[in-house]
Amino acid sequence: MPDSSDVLDTLTEMTAVSVEHNALSPREYLLARLAAMIAVGAPPISWFATSAAVEEGGVTVDDVQGVMIAVAPVVGAPRVMEAGGHILRALGFAIAVSEAEMDELDDDEDDDDDDEE
């Protein structure tokens, strides 16, 4: 039976192949991906998983809002508002992960300080 890392590996490979086999710039690719995520009602974890690529690709908050405005006539206001909520939840995940990493670093530094005494 496959484990969760097999699923994640498959999703990662699918994404890598789709990036390699298109003529879009990385920024255009991400904007298209965001539009698709809005259209399908992607859950918060999908937004979280995409956030690093969005940041690295130079996509701005204004870009995301522009995509939301652009797809609204096609997918409808409720779907766009749902995406906004999912993005906020993903931001909450990102903050929680960041805080946990900061706490871990602080704990490591405290341990190092204790070792020096």
# chains A, B, ... in the order shown; residues from 1 in each chain; ligands from 1
>>> closest_atom_pairs(of="stretch 10-72 of chain A", to="stretch 94-100 of chain A", cutoff="12 Å", atoms="only C-alpha atoms", output="CSV")
residue,atom,partner,partner_atom,distance
A:Pro44,CA,A:Ala94,CA,10.6
A:Ile45,CA,A:Ala94,CA,10.0
A:Trp47,CA,A:Ala94,CA,10.1
A:Phe48,CA,A:Ala94,CA,6.9
A:Ala49,CA,A:Ala94,CA,9.6
A:Thr50,CA,A:Ala94,CA,11.2
A:Ser51,CA,A:Ala94,CA,8.7
A:Ala52,CA,A:Ala94,CA,9.8
>>> closest_residue(among="A:Val40, A:Ala35, A:Ser46, A:Met68", to="A:Leu8", atoms="only C-alpha atoms")
A:Ser46
>>> closest_residue(among="A:Leu88, A:Val7, A:Met14, A:Leu30", to="A:Gly58", atoms="only C-alpha atoms")
A:Leu30
>>> atom_distance(atom1="atom CA of A:Gly57", atom2="atom CA of A:Arg27")
5.6 Å
>>> closest_residue(among="A:Glu55, A:Asp103, A:Ala39, A:Val61", to="A:Pro73", atoms="only C-alpha atoms")
A:Ala39
